[in-house]
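Visitor: For reference, this is query08.csv, and it has CSV, N, CA and C atoms.
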```csv
chain,number,residue,atom,x,y,z
A,72,MET,N,72.2,-4.7,103.0
A,72,MET,CA,72.2,-3.9,104.2
A,72,MET,C,73.3,-2.8,104.1
A,73,SER,N,72.9,-1.6,104.4
A,73,SER,CA,73.9,-0.5,104.3
A,73,SER,C,74.4,-0.3,105.8
A,74,SER,N,75.6,0.1,105.9
A,74,SER,CA,76.1,0.3,107.2
A,74,SER,C,75.6,1.7,107.7
A,75,PRO,N,75.4,1.9,109.0
A,75,PRO,CA,74.9,3.2,109.4
A,75,PRO,C,76.0,4.2,109.2
A,76,SER,N,75.6,5.4,108.7
A,76,SER,CA,76.6,6.4,108.5
A,76,SER,C,76.4,7.5,109.6
A,77,ILE,N,77.5,8.2,109.9
A,77,ILE,CA,77.4,9.2,110.9
A,77,ILE,C,76.7,10.4,110.3
A,78,PRO,N,75.9,11.1,111.1
A,78,PRO,CA,75.2,12.3,110.6
A,78,PRO,C,76.2,13.4,110.2
A,79,SER,N,75.8,14.2,109.2
A,79,SER,CA,76.6,15.3,108.8
A,79,SER,C,75.8,16.6,108.9
A,80,VAL,N,76.5,17.6,109.5
A,80,VAL,CA,75.9,18.9,109.7
A,80,VAL,C,76.7,20.0,109.1
A,81,LEU,N,76.0,21.0,108.4
A,81,LEU,CA,76.6,22.1,107.8
A,81,LEU,C,76.1,23.4,108.5
A,82,PHE,N,77.0,24.2,109.0
A,82,PHE,CA,76.6,25.5,109.6
A,82,PHE,C,77.0,26.6,108.6
A,83,VAL,N,76.0,27.5,108.4
A,83,VAL,CA,76.2,28.5,107.4
A,83,VAL,C,75.8,29.9,107.9
A,84,CYS,N,76.7,30.8,107.8
A,84,CYS,CA,76.4,32.2,108.0
A,84,CYS,C,77.0,33.0,106.9
A,85,VAL,N,76.9,34.3,106.9
A,85,VAL,CA,77.3,35.1,105.8
A,85,VAL,C,78.8,35.1,105.6
A,86,HIS,N,79.6,35.4,106.7
A,86,HIS,CA,81.0,35.5,106.6
A,86,HIS,C,81.8,34.3,107.0
A,87,ASN,N,81.2,33.3,107.6
A,87,ASN,CA,81.9,32.1,108.2
A,87,ASN,C,83.1,32.6,109.0
A,88,ALA,N,82.9,33.6,109.8
A,88,ALA,CA,83.9,34.1,110.6
A,88,ALA,C,83.6,34.2,112.1
A,89,GLY,N,82.3,33.9,112.4
A,89,GLY,CA,81.9,34.0,113.8
A,89,GLY,C,80.9,32.9,114.2
A,90,ARG,N,79.6,33.1,114.0
A,90,ARG,CA,78.6,32.1,114.5
A,90,ARG,C,78.8,30.7,114.0
A,91,SER,N,79.0,30.6,112.6
A,91,SER,CA,79.1,29.2,112.1
A,91,SER,C,80.4,28.6,112.5
A,92,GLN,N,81.5,29.4,112.7
A,92,GLN,CA,82.8,28.8,113.2
A,92,GLN,C,82.6,28.3,114.6
A,93,MET,N,81.9,29.1,115.5
A,93,MET,CA,81.7,28.7,116.8
A,93,MET,C,80.9,27.4,116.9
A,94,ALA,N,79.8,27.4,116.1
A,94,ALA,CA,78.9,26.2,116.1
A,94,ALA,C,79.7,24.9,115.7
A,95,ALA,N,80.5,25.1,114.6
A,95,ALA,CA,81.2,23.9,114.1
A,95,ALA,C,82.3,23.5,115.1
A,96,ALA,N,82.9,24.4,115.8
A,96,ALA,CA,83.9,24.1,116.8
A,96,ALA,C,83.3,23.4,118.0
A,97,PHE,N,82.1,23.8,118.4
A,97,PHE,CA,81.4,23.1,119.5
A,97,PHE,C,81.0,21.8,119.1
A,98,LEU,N,80.4,21.6,117.9
A,98,LEU,CA,79.9,20.3,117.5
A,98,LEU,C,81.1,19.4,117.3
A,99,THR,N,82.2,19.8,116.7
A,99,THR,CA,83.4,19.0,116.6
A,99,THR,C,83.9,18.5,117.9
A,100,HIS,N,84.0,19.4,118.9
A,100,HIS,CA,84.5,19.2,120.2
A,100,HIS,C,83.5,18.2,121.0
A,101,LEU,N,82.2,18.5,120.9
A,101,LEU,CA,81.3,17.7,121.7
A,101,LEU,C,80.9,16.3,121.1
A,102,ALA,N,81.0,16.3,119.8
A,102,ALA,CA,80.6,15.0,119.1
A,102,ALA,C,81.8,14.0,119.0
A,103,ALA,N,83.0,14.5,119.2
A,103,ALA,CA,84.2,13.7,119.3
A,103,ALA,C,84.2,12.6,118.1
A,104,GLY,N,84.0,13.1,116.9
A,104,GLY,CA,84.1,12.2,115.7
A,104,GLY,C,82.9,11.5,115.4
A,105,ARG,N,81.8,11.7,116.1
A,105,ARG,CA,80.5,10.9,115.8
A,105,ARG,C,79.6,11.7,114.9
A,106,VAL,N,80.0,12.9,114.5
A,106,VAL,CA,79.2,13.7,113.6
A,106,VAL,C,80.2,14.4,112.6
A,107,GLU,N,79.9,14.4,111.3
A,107,GLU,CA,80.7,15.1,110.3
A,107,GLU,C,80.3,16.5,110.4
A,108,VAL,N,81.2,17.4,110.5
A,108,VAL,CA,81.0,18.8,110.7
A,108,VAL,C,81.6,19.7,109.6
A,109,ARG,N,80.8,20.6,109.0
A,109,ARG,CA,81.2,21.5,108.0
A,109,ARG,C,80.7,22.9,108.4
A,110,SER,N,81.4,23.9,108.0
A,110,SER,CA,80.9,25.3,108.1
A,110,SER,C,81.3,26.1,106.8
A,111,ALA,N,80.5,27.0,106.5
A,111,ALA,CA,80.8,27.8,105.3
A,111,ALA,C,80.0,29.2,105.4
A,112,GLY,N,80.4,30.1,104.5
A,112,GLY,CA,79.7,31.4,104.4
A,112,GLY,C,79.3,31.7,103.0
A,113,SER,N,78.2,32.4,102.8
A,113,SER,CA,77.8,32.8,101.5
A,113,SER,C,78.7,33.9,100.9
A,114,ALA,N,79.4,34.7,101.8
A,114,ALA,CA,80.3,35.7,101.4
A,114,ALA,C,81.5,35.7,102.4
A,115,PRO,N,82.3,34.7,102.4
A,115,PRO,CA,83.3,34.5,103.5
A,115,PRO,C,84.2,35.7,103.7
A,116,ALA,N,84.5,35.9,105.0
A,116,ALA,CA,85.5,37.0,105.3
A,116,ALA,C,86.9,36.5,105.0
A,117,ALA,N,87.9,37.3,105.2
A,117,ALA,CA,89.3,36.9,105.0
A,117,ALA,C,89.8,36.1,106.2
A,118,THR,N,89.3,36.4,107.4
A,118,THR,CA,89.8,35.7,108.6
A,118,THR,C,88.7,35.5,109.6
A,119,VAL,N,88.9,34.6,110.5
A,119,VAL,CA,87.9,34.4,111.6
A,119,VAL,C,88.0,35.5,112.5
A,120,ASN,N,86.9,36.0,113.1
A,120,ASN,CA,86.8,37.1,114.0
A,120,ASN,C,87.7,36.8,115.2
A,121,PRO,N,88.7,37.7,115.5
A,121,PRO,CA,89.6,37.4,116.6
A,121,PRO,C,88.9,37.3,118.0
A,122,ALA,N,87.8,38.0,118.2
A,122,ALA,CA,87.1,38.0,119.4
A,122,ALA,C,86.4,36.6,119.6
A,123,VAL,N,86.0,36.0,118.4
A,123,VAL,CA,85.5,34.6,118.5
A,123,VAL,C,86.5,33.6,118.8
A,124,VAL,N,87.7,33.8,118.3
A,124,VAL,CA,88.8,32.9,118.6
A,124,VAL,C,89.1,33.0,120.1
A,125,GLU,N,89.2,34.2,120.6
A,125,GLU,CA,89.5,34.4,122.0
A,125,GLU,C,88.3,33.8,122.9
A,126,ALA,N,87.1,34.0,122.6
A,126,ALA,CA,86.0,33.5,123.4
A,126,ALA,C,86.0,32.0,123.4
A,127,LEU,N,86.3,31.3,122.3
A,127,LEU,CA,86.4,29.9,122.3
A,127,LEU,C,87.6,29.4,123.1
A,128,ALA,N,88.7,30.1,123.0
A,128,ALA,CA,89.9,29.7,123.7
A,128,ALA,C,89.6,29.7,125.2
A,129,GLU,N,88.7,30.6,125.7
A,129,GLU,CA,88.4,30.7,127.1
A,129,GLU,C,87.7,29.4,127.6
A,130,VAL,N,87.1,28.6,126.7
A,130,VAL,CA,86.4,27.4,127.1
A,130,VAL,C,87.2,26.2,126.5
A,131,GLY,N,88.4,26.4,126.2
A,131,GLY,CA,89.3,25.3,125.8
A,131,GLY,C,89.2,24.8,124.4
A,132,ILE,N,88.7,25.6,123.5
A,132,ILE,CA,88.6,25.2,122.1
A,132,ILE,C,89.4,26.1,121.3
A,133,ASP,N,90.4,25.6,120.5
A,133,ASP,CA,91.3,26.4,119.7
A,133,ASP,C,90.9,26.3,118.2
A,134,ILE,N,90.4,27.5,117.7
A,134,ILE,CA,90.1,27.6,116.3
A,134,ILE,C,91.0,28.6,115.6
A,135,SER,N,92.2,28.8,116.2
A,135,SER,CA,93.1,29.8,115.6
A,135,SER,C,93.6,29.5,114.2
A,136,ALA,N,93.5,28.2,113.9
A,136,ALA,CA,94.0,27.8,112.5
A,136,ALA,C,92.9,27.8,111.5
A,137,GLU,N,91.6,28.0,111.9
A,137,GLU,CA,90.5,27.9,111.0
A,137,GLU,C,90.5,29.1,110.0
A,138,VAL,N,90.0,28.9,108.8
A,138,VAL,CA,89.8,30.0,107.9
A,138,VAL,C,88.4,29.9,107.3
A,139,PRO,N,87.8,31.1,107.0
A,139,PRO,CA,86.4,31.1,106.5
A,139,PRO,C,86.4,30.3,105.1
A,140,LYS,N,85.4,29.6,104.9
A,140,LYS,CA,85.2,28.8,103.6
A,140,LYS,C,84.0,29.3,102.9
A,141,VAL,N,84.0,29.2,101.6
A,141,VAL,CA,82.9,29.6,100.7
A,141,VAL,C,81.9,28.4,100.7
A,142,LEU,N,80.6,28.8,100.8
A,142,LEU,CA,79.5,27.9,100.7
A,142,LEU,C,79.4,27.3,99.3
A,143,THR,N,79.3,26.0,99.2
A,143,THR,CA,79.2,25.4,97.9
A,143,THR,C,78.0,24.5,97.9
A,144,VAL,N,77.4,24.3,96.7
A,144,VAL,CA,76.3,23.4,96.5
A,144,VAL,C,76.6,22.0,97.0
A,145,GLU,N,77.9,21.6,96.7
A,145,GLU,CA,78.3,20.2,97.1
A,145,GLU,C,78.3,20.1,98.7
A,146,ALA,N,78.7,21.1,99.4
A,146,ALA,CA,78.6,21.0,100.9
A,146,ALA,C,77.2,20.8,101.4
A,147,VAL,N,76.3,21.6,100.8
A,147,VAL,CA,74.9,21.4,101.2
A,147,VAL,C,74.4,20.0,100.8
A,148,GLN,N,74.7,19.6,99.6
A,148,GLN,CA,74.2,18.2,99.2
A,148,GLN,C,74.8,17.1,100.0
A,149,ALA,N,76.0,17.3,100.6
A,149,ALA,CA,76.6,16.2,101.3
A,149,ALA,C,76.2,16.3,102.8
A,150,SER,N,75.4,17.2,103.2
A,150,SER,CA,75.0,17.3,104.6
A,150,SER,C,73.6,16.9,104.9
A,151,ASP,N,73.4,16.2,106.0
A,151,ASP,CA,72.0,15.8,106.4
A,151,ASP,C,71.2,16.9,107.0
A,152,VAL,N,71.9,17.8,107.8
A,152,VAL,CA,71.3,18.9,108.4
A,152,VAL,C,72.0,20.2,108.1
A,153,VAL,N,71.3,21.2,107.6
A,153,VAL,CA,71.9,22.5,107.3
A,153,VAL,C,71.3,23.5,108.2
A,154,ILE,N,72.2,24.2,109.0
A,154,ILE,CA,71.8,25.1,110.0
A,154,ILE,C,72.3,26.5,109.5
A,155,THR,N,71.3,27.4,109.3
A,155,THR,CA,71.6,28.7,108.8
A,155,THR,C,71.6,29.7,110.0
A,156,MET,N,72.4,30.8,109.9
A,156,MET,CA,72.5,31.8,110.9
A,156,MET,C,72.5,33.1,110.3
A,157,GLY,N,71.4,33.6,109.8
A,157,GLY,CA,71.3,34.9,109.3
A,157,GLY,C,71.8,35.1,107.9
A,158,CYS,N,71.8,34.1,107.1
A,158,CYS,CA,72.2,34.3,105.7
A,158,CYS,C,71.0,34.5,104.7
A,159,GLY,N,69.8,34.3,105.2
A,159,GLY,CA,68.6,34.6,104.4
A,159,GLY,C,68.6,33.8,103.1
A,160,ASP,N,68.3,34.5,102.1
A,160,ASP,CA,68.1,33.9,100.7
A,160,ASP,C,69.4,33.5,100.1
A,161,ALA,N,70.6,33.8,100.7
A,161,ALA,CA,71.9,33.4,100.1
A,161,ALA,C,72.2,31.9,100.3
A,162,CYS,N,71.4,31.3,101.2
A,162,CYS,CA,71.6,29.8,101.4
A,162,CYS,C,70.8,29.0,100.4
A,163,PRO,N,71.5,28.1,99.6
A,163,PRO,CA,70.7,27.3,98.7
A,163,PRO,C,69.8,26.3,99.4
A,164,TYR,N,68.7,26.0,98.8
A,164,TYR,CA,67.7,25.1,99.3
A,164,TYR,C,67.6,23.8,98.5
A,165,PHE,N,67.7,22.7,99.1
A,165,PHE,CA,67.5,21.4,98.4
A,165,PHE,C,66.5,20.6,99.1
A,166,PRO,N,65.5,20.1,98.4
A,166,PRO,CA,64.4,19.3,99.0
A,166,PRO,C,65.1,18.0,99.6
A,167,GLY,N,64.5,17.6,100.7
A,167,GLY,CA,65.0,16.4,101.4
A,167,GLY,C,66.0,16.7,102.4
A,168,LYS,N,66.5,17.9,102.5
A,168,LYS,CA,67.5,18.2,103.6
A,168,LYS,C,66.7,18.8,104.7
A,169,ARG,N,67.2,18.6,105.9
A,169,ARG,CA,66.6,19.2,107.1
A,169,ARG,C,67.3,20.6,107.3
A,170,TYR,N,66.5,21.6,107.4
A,170,TYR,CA,67.0,23.0,107.6
A,170,TYR,C,66.6,23.5,108.9
A,171,LEU,N,67.5,24.1,109.7
A,171,LEU,CA,67.2,24.8,110.9
A,171,LEU,C,67.7,26.2,110.8
A,172,ASP,N,67.1,27.2,111.3
A,172,ASP,CA,67.6,28.6,111.3
A,172,ASP,C,67.8,29.0,112.7
A,173,TRP,N,69.0,29.2,113.1
A,173,TRP,CA,69.3,29.7,114.5
A,173,TRP,C,69.4,31.2,114.5
A,174,GLN,N,68.5,31.8,115.2
A,174,GLN,CA,68.5,33.3,115.3
A,174,GLN,C,69.6,33.7,116.4
A,175,LEU,N,70.7,34.2,115.9
A,175,LEU,CA,71.8,34.6,116.8
A,175,LEU,C,72.3,35.9,116.4
A,176,GLU,N,72.7,36.7,117.4
A,176,GLU,CA,73.3,38.0,117.1
A,176,GLU,C,74.6,37.8,116.4
A,177,ASP,N,74.9,38.7,115.4
A,177,ASP,CA,76.2,38.6,114.7
A,177,ASP,C,77.3,39.2,115.5
A,178,PRO,N,78.3,38.4,115.8
A,178,PRO,CA,79.4,38.9,116.6
A,178,PRO,C,80.4,39.9,115.8
A,179,ALA,N,80.2,40.1,114.5
A,179,ALA,CA,81.1,40.9,113.7
A,179,ALA,C,81.3,42.3,114.3
A,180,GLY,N,82.5,42.7,114.5
A,180,GLY,CA,82.8,44.0,115.0
A,180,GLY,C,82.7,44.2,116.4
A,181,GLN,N,82.4,43.1,117.2
A,181,GLN,CA,82.2,43.2,118.6
A,181,GLN,C,83.3,42.6,119.4
A,182,GLY,N,83.5,43.1,120.6
A,182,GLY,CA,84.6,42.6,121.4
A,182,GLY,C,84.2,41.3,122.1
A,183,VAL,N,85.2,40.7,122.8
A,183,VAL,CA,85.0,39.4,123.4
A,183,VAL,C,83.8,39.4,124.4
A,184,ASP,N,83.6,40.5,125.1
A,184,ASP,CA,82.5,40.6,126.1
A,184,ASP,C,81.2,40.4,125.5
A,185,ALA,N,81.0,40.9,124.2
A,185,ALA,CA,79.8,40.8,123.5
A,185,ALA,C,79.6,39.4,122.9
A,186,VAL,N,80.8,38.7,122.6
A,186,VAL,CA,80.8,37.4,121.9
A,186,VAL,C,80.4,36.3,122.9
A,187,ARG,N,80.8,36.5,124.2
A,187,ARG,CA,80.6,35.4,125.2
A,187,ARG,C,79.2,34.9,125.3
A,188,PRO,N,78.2,35.8,125.4
A,188,PRO,CA,76.8,35.3,125.4
A,188,PRO,C,76.4,34.6,124.2
A,189,ILE,N,76.9,35.0,123.0
A,189,ILE,CA,76.6,34.3,121.7
A,189,ILE,C,77.2,32.9,121.8
A,190,ARG,N,78.4,32.9,122.2
A,190,ARG,CA,79.1,31.6,122.3
A,190,ARG,C,78.4,30.6,123.2
A,191,ASP,N,77.9,31.1,124.4
A,191,ASP,CA,77.2,30.3,125.3
A,191,ASP,C,75.9,29.8,124.7
A,192,ARG,N,75.2,30.6,124.0
A,192,ARG,CA,73.9,30.2,123.4
A,192,ARG,C,74.2,29.2,122.3
A,193,ILE,N,75.2,29.4,121.5
A,193,ILE,CA,75.6,28.4,120.5
A,193,ILE,C,75.9,27.0,121.1
A,194,GLU,N,76.6,27.0,122.2
A,194,GLU,CA,76.9,25.8,122.9
A,194,GLU,C,75.6,25.1,123.3
A,195,GLN,N,74.6,25.8,123.9
A,195,GLN,CA,73.3,25.3,124.2
A,195,GLN,C,72.6,24.7,123.0
A,196,LEU,N,72.6,25.4,121.9
A,196,LEU,CA,71.9,24.9,120.7
A,196,LEU,C,72.6,23.7,120.2
A,197,VAL,N,73.9,23.6,120.2
A,197,VAL,CA,74.7,22.5,119.7
A,197,VAL,C,74.4,21.2,120.6
A,198,ARG,N,74.3,21.4,121.9
A,198,ARG,CA,74.0,20.3,122.8
A,198,ARG,C,72.6,19.8,122.5
A,199,GLY,N,71.7,20.7,122.2
A,199,GLY,CA,70.3,20.3,121.8
A,199,GLY,C,70.3,19.5,120.5
A,200,LEU,N,71.1,20.0,119.6
A,200,LEU,CA,71.2,19.3,118.3
A,200,LEU,C,71.8,17.9,118.4
A,201,LEU,N,72.8,17.7,119.3
A,201,LEU,CA,73.3,16.4,119.5
A,201,LEU,C,72.3,15.5,120.1
A,202,ARG,N,71.5,16.0,121.0
A,202,ARG,CA,70.4,15.1,121.6
A,202,ARG,C,69.4,14.7,120.4
A,203,GLU,N,69.1,15.6,119.6
A,203,GLU,CA,68.2,15.3,118.4
A,203,GLU,C,68.8,14.3,117.5
A,204,LEU,N,70.1,14.3,117.4
A,204,LEU,CA,70.8,13.4,116.5
A,204,LEU,C,71.1,12.0,117.2
A,205,GLY,N,70.8,12.0,118.5
A,205,GLY,CA,71.0,10.8,119.2
A,205,GLY,C,72.5,10.5,119.6
A,206,VAL,N,73.2,11.6,119.7
A,206,VAL,CA,74.7,11.5,120.0
A,206,VAL,C,74.9,12.1,121.4
A,207,GLU,N,75.5,11.3,122.3
A,207,GLU,CA,75.8,11.8,123.6
A,207,GLU,C,77.0,12.7,123.6
A,208,PRO,N,76.9,14.0,124.1
A,208,PRO,CA,78.0,14.9,124.1
A,208,PRO,C,79.2,14.3,124.9
A,209,ALA,N,80.4,14.5,124.3
A,209,ALA,CA,81.6,14.2,125.0
A,209,ALA,C,81.8,15.0,126.3
A,210,ALA,N,82.4,14.5,127.3
A,210,ALA,CA,82.6,15.2,128.5
A,210,ALA,C,83.5,16.4,128.3
```
Could you rewrite the structure in this file as structure tokens?
Guide:
Amino acid sequence: MSSPSIPSVLFVCVHNAGRSQMAAAFLTHLAAGRVEVRSAGSAPAATVNPAVVEALAEVGIDISAEVPKVLTVEAVQASDVVITMGCGDACPYFPGKRYLDWQLEDPAGQGVDAVRPIRDRIEQLVRGLLRELGVEPAA
């Protein structure tokens, strides 16, 4: 008998500075340790988008210490669900993995006013993902 493992999710966008960082932050916050969370970018930026940091701070999530990470084959192989956000063919594909593609506007170069609706949509998508994974969101 194998012990049940917690599901693992990888969020991927090009720069790992906006959408994937927000999604990972919401999943980490709402799953409260019941989901393993990773995020990465096919061409990571130097820093996380400051408007994204500000938009998440408004809802009580601090990602000011996060840094964009490069997408690796190992990260994909170690994940049960891979969620892409506009990285197209730059995301590696492995048979047997569950892939989802979330169509979201890129917050790059936009101010916090433009980032808020993207943030709110990502929160909705993450809550739906938690339901699919059978994990009750933390309050």
Visitor: Enumerate, as a ChimeraX atom specification, the complete set of residues in range 72-183 of chain A that a backbone-based DSSP assignment places in strand (DSSP E).
Guide: /A:79-84,107-112,152-155,169-172
Visitor: Which residues of range 132-187 of chain A come within 6 Å of range 101-114 of chain A, and what is each one's closest atom pair and distance in Å (one decimal), counting only C-alpha atoms, sorted by chain and residue number, as a tab-separated table?
Guide:
```
residue	atom	partner	partner_atom	distance
A:Lys140	CA	A:Ala111	CA	4.8
A:Val141	CA	A:Gly112	CA	5.2
A:Leu142	CA	A:Ala111	CA	4.8
```
Visitor: Measuring atom to atom with only C-alpha atoms, identify which of A:Gly182, A:Lys168, A:Ser76, A:Val85 is nearest to Ser150 in chain A.
Guide: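 Looking at the shortest contact to Ser150 in chain A, the residue is A:Lys168.
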Visitor: Figure out the distance between atom C of Ile189 in chain A and atom N of Phe97 in chain A, please, to one decimal in Å.
Guide: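 Between atom N of Phe97 in chain A and atom C of Ile189 in chain A the gap is 10.9 Å.
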Visitor: Taking (80.9, 25.0, 112.1) in the file's coordinates, which residues come within 10 Å, counting only C-alpha atoms, written as a PyMOL selection string?
Guide: chain A and resi 80-84+87-99+108-111+139+154
Visitor: Export N, CA and C atoms of range 101-119 of chain A from the structure just given, as a PDB file, in the first residue's frame?
Guide:
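Okay, this is what ended up in result32.pdb:
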```pdb
ATOM      1  N   LEU A 101      -4.292  29.338  -0.323  1.00  0.00           N
ATOM      2  CA  LEU A 101      -5.592  28.673  -0.163  1.00  0.00           C
ATOM      3  C   LEU A 101      -5.476  27.185   0.149  1.00  0.00           C
ATOM      4  N   ALA A 102      -4.410  26.538  -0.303  1.00  0.00           N
ATOM      5  CA  ALA A 102      -4.251  25.103  -0.062  1.00  0.00           C
ATOM      6  C   ALA A 102      -3.671  24.821   1.323  1.00  0.00           C
ATOM      7  N   ALA A 103      -3.018  25.804   1.909  1.00  0.00           N
ATOM      8  CA  ALA A 103      -2.488  25.690   3.276  1.00  0.00           C
ATOM      9  C   ALA A 103      -1.706  24.392   3.488  1.00  0.00           C
ATOM     10  N   GLY A 104      -0.758  24.109   2.579  1.00  0.00           N
ATOM     11  CA  GLY A 104       0.102  22.944   2.743  1.00  0.00           C
ATOM     12  C   GLY A 104      -0.444  21.642   2.199  1.00  0.00           C
ATOM     13  N   ARG A 105      -1.647  21.667   1.615  1.00  0.00           N
ATOM     14  CA  ARG A 105      -2.252  20.429   1.116  1.00  0.00           C
ATOM     15  C   ARG A 105      -2.015  20.208  -0.377  1.00  0.00           C
ATOM     16  N   VAL A 106      -1.279  21.118  -1.007  1.00  0.00           N
ATOM     17  CA  VAL A 106      -0.884  20.979  -2.406  1.00  0.00           C
ATOM     18  C   VAL A 106       0.560  21.458  -2.505  1.00  0.00           C
ATOM     19  N   GLU A 107       1.381  20.720  -3.239  1.00  0.00           N
ATOM     20  CA  GLU A 107       2.752  21.162  -3.506  1.00  0.00           C
ATOM     21  C   GLU A 107       2.692  22.128  -4.684  1.00  0.00           C
ATOM     22  N   VAL A 108       3.283  23.300  -4.523  1.00  0.00           N
ATOM     23  CA  VAL A 108       3.145  24.368  -5.509  1.00  0.00           C
ATOM     24  C   VAL A 108       4.506  24.768  -6.060  1.00  0.00           C
ATOM     25  N   ARG A 109       4.588  24.857  -7.394  1.00  0.00           N
ATOM     26  CA  ARG A 109       5.793  25.348  -8.067  1.00  0.00           C
ATOM     27  C   ARG A 109       5.370  26.377  -9.113  1.00  0.00           C
ATOM     28  N   SER A 110       6.289  27.275  -9.444  1.00  0.00           N
ATOM     29  CA  SER A 110       6.068  28.162 -10.593  1.00  0.00           C
ATOM     30  C   SER A 110       7.412  28.368 -11.272  1.00  0.00           C
ATOM     31  N   ALA A 111       7.345  28.611 -12.567  1.00  0.00           N
ATOM     32  CA  ALA A 111       8.572  28.797 -13.346  1.00  0.00           C
ATOM     33  C   ALA A 111       8.247  29.520 -14.645  1.00  0.00           C
ATOM     34  N   GLY A 112       9.308  29.969 -15.314  1.00  0.00           N
ATOM     35  CA  GLY A 112       9.146  30.653 -16.588  1.00  0.00           C
ATOM     36  C   GLY A 112      10.092  30.098 -17.633  1.00  0.00           C
ATOM     37  N   SER A 113       9.653  30.113 -18.883  1.00  0.00           N
ATOM     38  CA  SER A 113      10.504  29.636 -19.970  1.00  0.00           C
ATOM     39  C   SER A 113      11.637  30.619 -20.255  1.00  0.00           C
ATOM     40  N   ALA A 114      11.423  31.901 -19.938  1.00  0.00           N
ATOM     41  CA  ALA A 114      12.472  32.930 -20.058  1.00  0.00           C
ATOM     42  C   ALA A 114      12.297  33.888 -18.881  1.00  0.00           C
ATOM     43  N   PRO A 115      12.718  33.462 -17.677  1.00  0.00           N
ATOM     44  CA  PRO A 115      12.401  34.241 -16.474  1.00  0.00           C
ATOM     45  C   PRO A 115      12.963  35.659 -16.487  1.00  0.00           C
ATOM     46  N   ALA A 116      12.162  36.565 -15.934  1.00  0.00           N
ATOM     47  CA  ALA A 116      12.595  37.954 -15.771  1.00  0.00           C
ATOM     48  C   ALA A 116      13.575  38.039 -14.606  1.00  0.00           C
ATOM     49  N   ALA A 117      14.139  39.222 -14.403  1.00  0.00           N
ATOM     50  CA  ALA A 117      15.076  39.421 -13.295  1.00  0.00           C
ATOM     51  C   ALA A 117      14.348  39.541 -11.959  1.00  0.00           C
ATOM     52  N   THR A 118      13.142  40.119 -11.990  1.00  0.00           N
ATOM     53  CA  THR A 118      12.390  40.341 -10.754  1.00  0.00           C
ATOM     54  C   THR A 118      10.902  40.118 -11.009  1.00  0.00           C
ATOM     55  N   VAL A 119      10.160  39.939  -9.930  1.00  0.00           N
ATOM     56  CA  VAL A 119       8.707  39.839 -10.020  1.00  0.00           C
ATOM     57  C   VAL A 119       8.159  41.244 -10.283  1.00  0.00           C
TER      58      VAL A 119
END
```
